[in-house]
$ cat query.cif   # mmCIF, C-alpha atoms
data_input
#
loop_
_atom_site.label_atom_id
_atom_site.label_comp_id
_atom_site.auth_asym_id
_atom_site.auth_seq_id
_atom_site.Cartn_x
_atom_site.Cartn_y
_atom_site.Cartn_z
CA MET G 576 17.82 21.76 4.21
CA LYS G 577 19.90 19.97 1.61
CA ILE G 578 19.29 21.07 -2.01
CA THR G 579 19.98 18.78 -4.99
CA HIS G 580 19.80 19.81 -8.66
CA SER G 581 19.10 17.64 -11.71
CA LYS G 582 17.88 18.31 -15.25
CA TYR G 583 15.28 15.55 -15.10
CA ILE G 584 13.67 14.08 -11.99
CA ILE G 585 11.47 11.01 -12.18
CA VAL G 586 9.20 10.28 -9.22
CA GLY G 587 8.77 6.51 -8.89
CA ALA G 588 11.12 3.62 -9.72
CA GLY G 589 8.51 1.27 -11.14
CA LEU G 590 8.47 -0.05 -14.71
CA SER G 591 7.23 3.23 -16.20
CA GLY G 592 9.78 5.46 -14.46
CA LEU G 593 12.67 3.10 -15.17
CA THR G 594 11.63 2.84 -18.83
CA THR G 595 11.70 6.64 -19.12
CA ALA G 596 15.13 6.82 -17.46
CA HIS G 597 16.48 4.05 -19.68
CA LYS G 598 15.23 5.80 -22.83
CA LEU G 599 16.60 9.20 -21.79
CA ILE G 600 20.02 7.75 -21.01
CA GLU G 601 19.96 5.82 -24.27
CA SER G 602 19.34 9.19 -25.98
CA GLY G 603 22.37 10.77 -24.31
CA GLU G 604 20.62 12.46 -21.37
CA THR G 605 22.51 11.51 -18.21
CA ASN G 606 21.53 14.33 -15.82
CA ILE G 607 18.73 12.30 -14.25
CA LEU G 608 17.54 11.41 -10.76
CA ILE G 609 14.85 8.91 -9.77
CA LEU G 610 13.15 9.34 -6.39
CA GLU G 611 11.50 6.26 -4.89
CA GLY G 612 9.50 6.16 -1.67
CA ARG G 613 9.98 2.43 -1.12
CA SER G 614 13.13 0.75 0.13
CA ARG G 615 13.26 -1.17 -3.15
CA ILE G 616 12.76 -0.53 -6.86
CA GLY G 617 10.13 -2.18 -9.04
CA GLY G 618 6.88 -0.63 -7.83
CA ARG G 619 4.09 -3.13 -8.37
CA ILE G 620 6.55 -5.68 -9.73
CA LYS G 621 7.73 -7.76 -6.79
CA THR G 622 9.35 -11.19 -7.06
CA HIS G 623 10.09 -12.90 -3.75
CA ASN G 624 11.34 -16.48 -3.35
CA ASN G 625 10.64 -17.10 -7.06
CA ILE G 626 7.03 -15.95 -6.65
CA ASP G 627 5.63 -12.94 -8.49
CA LEU G 628 3.50 -11.20 -5.88
CA GLY G 629 2.78 -8.32 -8.27
CA ALA G 630 2.64 -8.08 -12.07
CA THR G 631 3.15 -11.50 -13.62
CA TRP G 632 1.75 -12.17 -17.10
CA PHE G 633 1.81 -10.61 -20.52
CA GLN G 634 0.45 -11.65 -23.91
CA GLU G 635 1.77 -12.06 -27.43
CA GLN G 636 0.10 -8.80 -28.50
CA HIS G 637 2.02 -6.87 -25.84
CA THR G 638 4.71 -5.94 -28.34
CA LEU G 639 6.52 -3.41 -26.15
CA VAL G 640 7.00 -5.94 -23.33
CA ASN G 641 8.28 -8.52 -25.78
CA HIS G 642 10.61 -5.99 -27.42
CA SER G 643 11.96 -4.84 -24.04
CA LEU G 644 12.67 -8.40 -22.92
CA LYS G 645 14.41 -9.21 -26.19
CA SER G 646 16.54 -6.05 -26.18
CA LEU G 647 17.58 -6.70 -22.58
CA GLY G 648 18.42 -10.34 -23.26
CA ILE G 649 15.67 -11.79 -21.07
CA ASP G 650 13.77 -14.91 -22.05
CA ARG G 651 10.09 -15.66 -21.63
CA PHE G 652 8.07 -18.88 -21.30
CA PRO G 653 4.38 -19.85 -21.51
CA GLN G 654 2.12 -20.20 -18.50
CA TYR G 655 1.73 -23.92 -17.73
CA GLN G 656 -1.80 -25.11 -18.49
CA LYS G 657 -1.60 -28.83 -19.31
CA GLY G 658 -4.04 -31.10 -17.50
CA LYS G 659 -7.40 -30.50 -15.92
CA SER G 660 -8.31 -27.14 -14.44
CA VAL G 661 -10.96 -26.57 -11.79
CA LEU G 662 -13.92 -24.22 -11.99
CA VAL G 663 -15.84 -23.73 -8.76
CA TYR G 664 -19.12 -21.94 -9.47
CA ASN G 665 -21.14 -23.23 -6.50
CA THR G 666 -19.71 -24.58 -3.24
CA MET G 667 -22.79 -26.79 -2.88
CA ALA G 668 -22.27 -28.45 -6.27
CA PRO G 669 -19.38 -30.56 -7.62
CA ALA G 670 -16.57 -28.64 -9.24
CA HIS G 671 -16.38 -28.48 -13.02
CA TYR G 672 -13.16 -29.80 -14.54
CA PHE G 673 -12.02 -28.58 -17.93
CA GLU G 674 -8.92 -28.61 -20.14
CA SER G 675 -7.49 -25.54 -21.86
CA ASP G 676 -6.47 -25.57 -25.50
CA THR G 677 -2.70 -25.82 -25.20
CA ASN G 678 -2.31 -25.15 -28.93
CA GLY G 679 -3.77 -21.66 -28.63
CA PRO G 680 -2.02 -18.48 -27.50
CA SER G 681 -0.87 -18.63 -23.91
CA ALA G 682 -0.11 -16.02 -21.29
CA GLN G 683 3.65 -15.54 -21.00
CA ARG G 684 5.92 -15.21 -17.96
CA VAL G 685 9.40 -13.78 -17.53
CA VAL G 686 12.23 -16.26 -16.98
CA GLY G 687 13.64 -15.46 -13.54
CA GLY G 688 10.43 -13.71 -12.48
CA SER G 689 9.05 -10.33 -13.47
CA PHE G 690 11.72 -8.54 -11.44
CA ALA G 691 14.33 -9.73 -13.96
CA LEU G 692 12.95 -7.02 -16.26
CA ILE G 693 13.33 -4.36 -13.56
CA ASP G 694 16.82 -5.56 -12.68
CA ALA G 695 18.08 -5.49 -16.27
CA LEU G 696 16.37 -2.18 -17.09
CA SER G 697 17.90 -0.32 -14.13
CA ASN G 698 21.32 -1.98 -14.14
CA SER G 699 23.15 0.83 -15.96
CA PHE G 700 21.77 3.67 -13.81
CA ILE G 701 21.11 2.12 -10.40
CA ASN G 702 23.31 4.82 -8.85
CA LYS G 703 20.81 7.47 -10.03
CA ILE G 704 17.99 6.02 -7.89
CA VAL G 705 17.37 7.47 -4.44
CA LEU G 706 15.34 5.08 -2.23
CA ASN G 707 13.26 5.84 0.88
CA THR G 708 12.49 9.27 -0.53
CA SER G 709 8.85 10.38 -0.67
CA VAL G 710 7.87 13.60 -2.41
CA ILE G 711 5.49 15.74 -0.35
CA ALA G 712 5.06 18.88 -2.45
CA ILE G 713 5.79 20.13 -5.97
CA SER G 714 6.03 23.78 -6.91
CA GLU G 715 6.98 25.84 -9.93
CA GLN G 716 9.45 28.56 -9.02
CA ASN G 717 11.92 30.66 -11.02
CA ASN G 718 11.23 28.69 -14.20
CA GLN G 719 12.14 25.44 -12.40
CA ILE G 720 10.32 22.80 -10.39
CA GLU G 721 11.01 22.24 -6.73
CA LEU G 722 10.19 18.89 -5.12
CA GLN G 723 10.00 18.81 -1.37
CA THR G 724 10.84 15.68 0.62
CA LYS G 725 11.33 15.26 4.35
CA ASN G 726 15.01 16.16 4.38
CA THR G 727 15.90 17.42 0.91
CA LYS G 728 14.70 19.89 -1.69
CA TYR G 729 15.19 18.72 -5.26
CA ILE G 730 15.27 21.20 -8.13
CA ALA G 731 14.74 20.16 -11.76
CA GLU G 732 14.05 21.56 -15.21
CA LYS G 733 11.51 18.80 -15.94
CA VAL G 734 9.67 16.35 -13.67
CA ILE G 735 7.81 13.12 -14.48
CA ILE G 736 5.38 11.78 -11.87
CA THR G 737 4.92 8.02 -12.36
CA ILE G 738 3.20 7.06 -9.10
CA PRO G 739 -0.51 6.09 -9.42
CA PRO G 740 -2.66 9.17 -10.17
CA LYS G 741 -4.77 8.66 -7.04
CA LEU G 742 -1.62 8.81 -4.91
CA ALA G 743 -0.22 11.67 -6.98
CA SER G 744 -3.40 13.62 -6.21
CA THR G 745 -2.46 13.64 -2.51
CA LEU G 746 0.68 15.72 -3.14
CA THR G 747 0.61 19.50 -2.74
CA TYR G 748 0.94 21.40 -6.04
CA THR G 749 1.82 25.09 -6.30
CA PRO G 750 0.19 26.46 -8.36
CA GLU G 751 -2.71 24.04 -8.09
CA LEU G 752 -3.45 21.69 -10.97
CA PRO G 753 -6.63 22.38 -12.99
CA VAL G 754 -9.73 21.30 -11.06
CA ASP G 755 -10.77 18.77 -13.72
CA MET G 756 -7.30 17.21 -13.56
CA GLN G 757 -7.48 16.94 -9.76
CA THR G 758 -10.86 15.23 -10.06
CA LEU G 759 -9.61 12.87 -12.76
CA MET G 760 -6.61 11.82 -10.68
CA LYS G 761 -8.74 11.09 -7.62
CA GLN G 762 -11.16 9.02 -9.70
CA THR G 763 -8.57 6.94 -11.58
CA HIS G 764 -8.54 3.44 -10.16
CA THR G 765 -5.09 2.19 -9.10
CA TRP G 766 -4.29 -1.12 -10.74
CA MET G 767 -3.55 -3.85 -8.13
CA SER G 768 -4.60 -1.60 -5.23
CA ASN G 769 -7.30 -3.98 -4.02
CA ALA G 770 -5.56 -7.28 -4.81
CA ILE G 771 -4.43 -9.92 -2.34
CA LYS G 772 -1.97 -12.37 -3.88
CA VAL G 773 -0.84 -15.63 -2.32
CA GLY G 774 2.07 -17.94 -3.15
CA ILE G 775 2.50 -21.49 -1.86
CA SER G 776 5.72 -23.49 -2.33
CA PHE G 777 6.27 -27.26 -2.53
CA THR G 778 9.11 -29.76 -2.94
CA SER G 779 7.41 -31.18 -6.05
CA PRO G 780 4.52 -30.17 -8.36
CA PHE G 781 2.05 -32.75 -6.99
CA TRP G 782 -0.76 -31.38 -9.17
CA LYS G 783 1.07 -32.45 -12.34
CA SER G 784 1.31 -36.06 -11.17
CA LYS G 785 -2.46 -35.93 -10.64
CA LYS G 786 -2.89 -34.64 -14.22
CA LEU G 787 -4.05 -31.26 -12.94
CA SER G 788 -2.86 -27.95 -14.38
CA GLY G 789 -2.80 -26.23 -11.00
CA THR G 790 -5.44 -23.77 -12.20
CA VAL G 791 -8.41 -23.13 -9.92
CA ILE G 792 -11.00 -20.54 -10.89
CA GLY G 793 -13.38 -19.74 -8.05
CA GLN G 794 -16.55 -17.77 -8.65
CA VAL G 795 -17.34 -18.34 -4.98
CA GLY G 796 -15.12 -19.06 -2.00
CA PRO G 797 -11.74 -17.86 -0.68
CA VAL G 798 -9.69 -18.27 -3.88
CA ILE G 799 -10.56 -16.35 -7.04
CA GLU G 800 -7.73 -17.56 -9.30
CA LEU G 801 -4.81 -19.93 -8.76
CA TYR G 802 -2.16 -21.10 -11.24
CA ASP G 803 0.96 -23.20 -11.51
CA HIS G 804 3.86 -20.85 -10.78
CA SER G 805 6.81 -23.20 -11.08
CA ASN G 806 9.90 -21.60 -12.58
CA TYR G 807 11.23 -22.02 -16.11
CA GLU G 808 13.98 -24.40 -14.98
CA GLU G 809 11.34 -26.56 -13.26
CA ASN G 810 13.32 -26.90 -10.04
CA SER G 811 11.22 -24.53 -7.90
CA TYR G 812 7.56 -25.42 -7.50
CA HIS G 813 4.75 -23.05 -6.55
CA LEU G 814 1.07 -22.24 -6.87
CA MET G 815 0.18 -18.55 -7.02
CA GLY G 816 -2.96 -16.51 -7.42
CA PHE G 817 -5.53 -14.07 -6.11
CA VAL G 818 -7.75 -14.56 -3.08
CA ASN G 819 -11.11 -13.11 -2.14
CA GLU G 820 -11.00 -9.56 -0.77
CA GLY G 821 -13.45 -10.58 1.94
CA LEU G 822 -10.56 -12.44 3.61
CA ARG G 823 -9.08 -9.05 4.45
CA ASP G 824 -11.53 -8.97 7.36
CA VAL G 825 -10.08 -12.03 9.13
CA THR G 826 -6.70 -12.63 10.79
CA PRO G 827 -3.74 -13.81 8.67
CA LYS G 828 -3.92 -17.19 10.43
CA GLN G 829 -7.64 -17.57 9.66
CA ARG G 830 -7.11 -16.42 6.07
CA LYS G 831 -4.35 -18.96 5.50
CA GLU G 832 -6.44 -21.79 6.96
CA ARG G 833 -9.47 -20.95 4.83
CA ILE G 834 -7.33 -20.82 1.68
CA LEU G 835 -5.63 -24.16 2.40
CA ASP G 836 -8.89 -25.82 3.39
CA TYR G 837 -10.52 -24.68 0.15
CA LEU G 838 -7.59 -25.80 -2.03
CA GLU G 839 -7.38 -29.15 -0.24
CA LYS G 840 -10.95 -29.81 -1.30
CA TYR G 841 -10.17 -29.29 -4.99
CA LEU G 842 -6.48 -30.17 -5.38
CA GLY G 843 -6.02 -32.78 -2.65
CA SER G 844 -4.43 -33.22 0.76
CA GLU G 845 -0.96 -32.65 -0.71
CA ILE G 846 -1.65 -28.93 -0.45
CA ARG G 847 -0.87 -29.30 3.27
CA ASP G 848 2.67 -30.42 2.47
CA TYR G 849 3.73 -26.90 1.57
CA THR G 850 7.26 -25.68 2.33
CA GLY G 851 6.48 -21.98 2.13
CA TYR G 852 3.45 -19.72 2.26
CA GLU G 853 3.38 -15.97 1.62
CA GLU G 854 0.90 -13.32 0.69
CA LYS G 855 0.87 -9.70 -0.39
CA ASP G 856 -2.12 -7.46 0.30
CA TRP G 857 -1.56 -4.49 -2.00
CA SER G 858 -4.25 -2.49 -0.21
CA GLN G 859 -1.88 -2.30 2.77
CA ASP G 860 0.97 -0.92 0.66
CA LYS G 861 0.97 2.86 1.16
CA PHE G 862 2.93 3.37 -2.06
CA THR G 863 0.20 1.65 -4.08
CA SER G 864 -3.10 2.08 -2.29
CA CYS G 865 -4.70 4.80 -0.20
CA SER G 866 -7.48 5.16 2.35
CA ASN G 867 -10.35 5.62 -0.12
CA LEU G 868 -9.87 2.15 -1.58
CA LYS G 869 -12.59 1.12 -3.99
CA SER G 870 -12.86 -2.33 -5.53
CA VAL G 871 -13.43 -2.40 -9.28
CA TYR G 872 -14.94 -5.51 -10.81
CA MET G 873 -15.20 -4.23 -14.37
CA SER G 874 -12.10 -3.26 -16.36
CA PRO G 875 -11.37 0.36 -15.36
CA GLN G 876 -10.92 3.04 -17.99
CA TYR G 877 -7.32 4.19 -18.32
CA GLY G 878 -5.42 6.55 -20.59
CA ASP G 879 -7.45 9.76 -20.36
CA SER G 880 -6.04 12.29 -22.84
CA ARG G 881 -5.43 14.83 -20.05
CA TYR G 882 -2.60 12.63 -18.81
CA SER G 883 -0.70 13.28 -22.04
CA ASN G 884 -0.57 17.05 -21.43
CA PHE G 885 2.28 19.00 -19.87
CA TYR G 886 1.57 20.99 -16.71
CA PHE G 887 3.51 23.74 -14.96
CA ASP G 888 4.21 25.50 -18.27
CA GLY G 889 5.72 22.48 -20.02
CA LYS G 890 7.77 21.27 -17.07
CA LEU G 891 5.58 18.58 -15.44
CA LEU G 892 4.36 15.29 -16.94
CA PHE G 893 2.30 12.44 -15.51
CA SER G 894 3.11 8.86 -16.47
CA GLY G 895 2.47 5.30 -15.28
CA THR G 896 0.30 2.44 -16.50
CA GLU G 897 -2.97 4.16 -15.49
CA THR G 898 -2.14 7.07 -17.81
CA SER G 899 -1.60 4.88 -20.87
CA PRO G 900 -4.22 4.70 -23.67
CA HIS G 901 -2.41 1.56 -24.86
CA TYR G 902 -3.11 -1.44 -22.58
CA GLY G 903 -3.48 0.74 -19.49
CA GLY G 904 -3.18 -1.27 -16.26
CA TYR G 905 -0.82 -3.81 -17.83
CA LEU G 906 2.97 -4.10 -18.01
CA GLU G 907 2.52 -3.03 -21.63
CA GLY G 908 0.80 0.18 -20.52
CA ALA G 909 3.60 0.98 -18.08
CA ILE G 910 6.23 0.65 -20.80
CA TYR G 911 4.15 2.64 -23.29
CA SER G 912 3.70 5.50 -20.82
CA GLY G 913 7.39 5.45 -19.96
CA LEU G 914 8.44 5.67 -23.59
CA ARG G 915 5.86 8.37 -24.29
CA ALA G 916 7.13 10.48 -21.40
CA ALA G 917 10.73 10.21 -22.58
CA GLU G 918 9.73 11.13 -26.13
CA LYS G 919 7.78 14.18 -24.96
CA LEU G 920 10.70 15.37 -22.81
CA LEU G 921 13.18 14.99 -25.65
CA GLN G 922 10.88 16.89 -28.03
CA ASN G 923 10.23 19.68 -25.54
CA GLN G 924 13.76 20.64 -24.51
#
$ encode --input "query.cif" --output "structure tokens"
Amino acid sequence: MKITHSKYIIVGAGLSGLTTAHKLIESGETNILILEGRSRIGGRIKTHNNIDLGATWFQEQHTLVNHSLKSLGIDRFPQYQKGKSVLVYNTMAPAHYFESDTNGPSAQRVVGGSFALIDALSNSFINKIVLNTSVIAISEQNNQIELQTKNTKYIAEKVIITIPPKLASTLTYTPELPVDMQTLMKQTHTWMSNAIKVGISFTSPFWKSKKLSGTVIGQVGPVIELYDHSNYEENSYHLMGFVNEGLRDVTPKQRKERILDYLEKYLGSEIRDYTGYEEKDWSQDKFTSCSNLKSVYMSPQYGDSRYSNFYFDGKLLFSGTETSPHYGGYLEGAIYSGLRAAEKLLQNQ
């Protein structure tokens, strides 16, 4: 069994874990390793073919996101919302068309897609990330922490677990975590774990020529939310959004047909002239969701104070957007938790 030593080990190469690593390195700590179960970095941030299939938007009040983008030299741009939007509240009644106030605050997007943030954040320490490496067990031994993976044992002075608490609860801990902490982790809803996102590509933004914003809000039917997802340069045209979880019960072919049929009714026959169609069901992603999936229709409570405590005698911390008391479940919460973890580690050396 191979054994690898590092002062700090971060489990998870999503926004939270990468933020912690970036902050530690910025503070002069270079003895760091990041273990990631996926074959890619980014966690629930996934940009594919110019489509954000994971985290997408942030707001003006998300100061940490805005600061991170600015410090990394990444631009942002407002979500397109000019023209008429569609509200479908009853499939038996005509759709309601409305226009958003384009003078008010708008949701923001990252130029180049959300992954541009991940790419820039990790650029200076990409060689410290180990992919395809899932932690199975964590134990405190000889005043150190041992992390067991399939082929390697990692030994660290301090460990930060950034994977969703519900997934983190499935790891083996020796000694065991407090019972109330185990219960809390199992009960903490995983952001995005029940979402199905869809992206549809076109040669031109036909909805704009029809004076439509591309927004469809469906209170009933296959599509819950859909938005214009064209890029900042306006040379790559897409619609992207969330579809009804009930479509998980049909085949991919049936799901696609129901989505297109529904959108054709409200946006027009041009929807059939798509050049690309892709979807991401996060419930099928074993590094995000787990078997006891539970849909949450109210905003879940995040940031329990127990997540801010050290465990294993000051050597183990939990992080990630679900642990953040500040905009938990958002990109902002992921960055906050990442910065908090780094600060706690630096104060507790």
$ residues_around --input "query.cif" --residues "G:Gly618" --least-positions-apart "6" --cutoff "12 Å" --atoms "all atoms listed in the file" --output "JSON, numbers by chain"
{"G": [586, 587, 588, 589, 590, 591, 592, 593, 610, 611, 612, 628, 629, 630, 689, 690, 693, 706, 737, 738, 739, 766, 767, 768, 857, 860, 861, 862, 863, 864, 895, 896, 906, 909]}
$ resolve_selection --input "query.cif" --expression "the PyMOL selection byres ((chain G and resi 710) around 7)" --output "list in words"
Thr708, Ser709, Ile711, Ala712, Leu722, Gln723 and Thr724 of chain G
$ write_last_selection --input "query.cif" --atoms "C-alpha atoms" --output "mmCIF file, in the frame of the given file"
data_model
loop_
_atom_site.group_PDB
_atom_site.id
_atom_site.type_symbol
_atom_site.label_atom_id
_atom_site.label_comp_id
_atom_site.auth_asym_id
_atom_site.auth_seq_id
_atom_site.Cartn_x
_atom_site.Cartn_y
_atom_site.Cartn_z
ATOM 1 C CA THR G 708 12.490 9.270 -0.530
ATOM 2 C CA SER G 709 8.850 10.380 -0.670
ATOM 3 C CA ILE G 711 5.490 15.740 -0.350
ATOM 4 C CA ALA G 712 5.060 18.880 -2.450
ATOM 5 C CA LEU G 722 10.190 18.890 -5.120
ATOM 6 C CA GLN G 723 10.000 18.810 -1.370
ATOM 7 C CA THR G 724 10.840 15.680 0.620
#
$ resolve_selection --input "query.cif" --expression "the PyMOL selection byres ((chain G and resi 806-815) around 6)" --output "number ranges by chain"
G: 686, 773-777, 779-780, 801-805, 816
$ resolve_selection --input "query.cif" --expression "the PyMOL selection byres ((chain G and resi 604) around 12)" --output "MDAnalysis selection string"
chainID G and resid 581:584 595:603 605:608 700 917:918 920:921 924
$ closest_residue --input "query.cif" --among "G:Arg684, G:Lys785, G:Lys919, G:Arg847" --to "G:Tyr655" --atoms "all atoms listed in the file"
G:Arg684
$ closest_residue --input "query.cif" --among "G:Gly904, G:Pro669, G:Pro827, G:Gly688" --to "G:Ile649" --atoms "only C-alpha atoms"
G:Gly688
$ build_atoms --input "query.cif" --residues "stretch 901-915 of chain G" --atoms "N, CA and C atoms" --output "PDB file, in the frame of the given file"
ATOM      1  N   HIS G 901      -2.789   2.830 -24.235  1.00  0.00           N
ATOM      2  CA  HIS G 901      -2.410   1.560 -24.860  1.00  0.00           C
ATOM      3  C   HIS G 901      -2.204   0.520 -23.770  1.00  0.00           C
ATOM      4  N   TYR G 902      -3.180  -0.388 -23.604  1.00  0.00           N
ATOM      5  CA  TYR G 902      -3.110  -1.440 -22.580  1.00  0.00           C
ATOM      6  C   TYR G 902      -2.849  -0.865 -21.191  1.00  0.00           C
ATOM      7  N   GLY G 903      -3.593   0.161 -20.821  1.00  0.00           N
ATOM      8  CA  GLY G 903      -3.480   0.740 -19.490  1.00  0.00           C
ATOM      9  C   GLY G 903      -3.777  -0.302 -18.412  1.00  0.00           C
ATOM     10  N   GLY G 904      -3.004  -0.299 -17.334  1.00  0.00           N
ATOM     11  CA  GLY G 904      -3.180  -1.270 -16.260  1.00  0.00           C
ATOM     12  C   GLY G 904      -2.337  -2.509 -16.423  1.00  0.00           C
ATOM     13  N   TYR G 905      -1.683  -2.643 -17.577  1.00  0.00           N
ATOM     14  CA  TYR G 905      -0.820  -3.810 -17.830  1.00  0.00           C
ATOM     15  C   TYR G 905       0.646  -3.380 -17.815  1.00  0.00           C
ATOM     16  N   LEU G 906       1.548  -4.376 -17.821  1.00  0.00           N
ATOM     17  CA  LEU G 906       2.970  -4.100 -18.010  1.00  0.00           C
ATOM     18  C   LEU G 906       3.172  -3.311 -19.301  1.00  0.00           C
ATOM     19  N   GLU G 907       2.435  -3.696 -20.330  1.00  0.00           N
ATOM     20  CA  GLU G 907       2.520  -3.030 -21.630  1.00  0.00           C
ATOM     21  C   GLU G 907       2.211  -1.534 -21.506  1.00  0.00           C
ATOM     22  N   GLY G 908       1.175  -1.216 -20.712  1.00  0.00           N
ATOM     23  CA  GLY G 908       0.800   0.180 -20.520  1.00  0.00           C
ATOM     24  C   GLY G 908       1.866   0.964 -19.786  1.00  0.00           C
ATOM     25  N   ALA G 909       2.526   0.315 -18.830  1.00  0.00           N
ATOM     26  CA  ALA G 909       3.600   0.980 -18.080  1.00  0.00           C
ATOM     27  C   ALA G 909       4.756   1.329 -19.007  1.00  0.00           C
ATOM     28  N   ILE G 910       5.130   0.396 -19.872  1.00  0.00           N
ATOM     29  CA  ILE G 910       6.230   0.650 -20.800  1.00  0.00           C
ATOM     30  C   ILE G 910       5.838   1.727 -21.813  1.00  0.00           C
ATOM     31  N   TYR G 911       4.621   1.632 -22.323  1.00  0.00           N
ATOM     32  CA  TYR G 911       4.150   2.640 -23.290  1.00  0.00           C
ATOM     33  C   TYR G 911       4.220   4.042 -22.683  1.00  0.00           C
ATOM     34  N   SER G 912       3.710   4.186 -21.458  1.00  0.00           N
ATOM     35  CA  SER G 912       3.700   5.500 -20.820  1.00  0.00           C
ATOM     36  C   SER G 912       5.113   6.002 -20.559  1.00  0.00           C
ATOM     37  N   GLY G 913       6.010   5.076 -20.205  1.00  0.00           N
ATOM     38  CA  GLY G 913       7.390   5.450 -19.960  1.00  0.00           C
ATOM     39  C   GLY G 913       8.088   5.942 -21.207  1.00  0.00           C
ATOM     40  N   LEU G 914       7.853   5.257 -22.323  1.00  0.00           N
ATOM     41  CA  LEU G 914       8.440   5.670 -23.590  1.00  0.00           C
ATOM     42  C   LEU G 914       7.848   6.987 -24.071  1.00  0.00           C
ATOM     43  N   ARG G 915       6.525   7.131 -23.879  1.00  0.00           N
ATOM     44  CA  ARG G 915       5.860   8.370 -24.290  1.00  0.00           C
ATOM     45  C   ARG G 915       6.405   9.564 -23.514  1.00  0.00           C
TER      46      ARG G 915
END
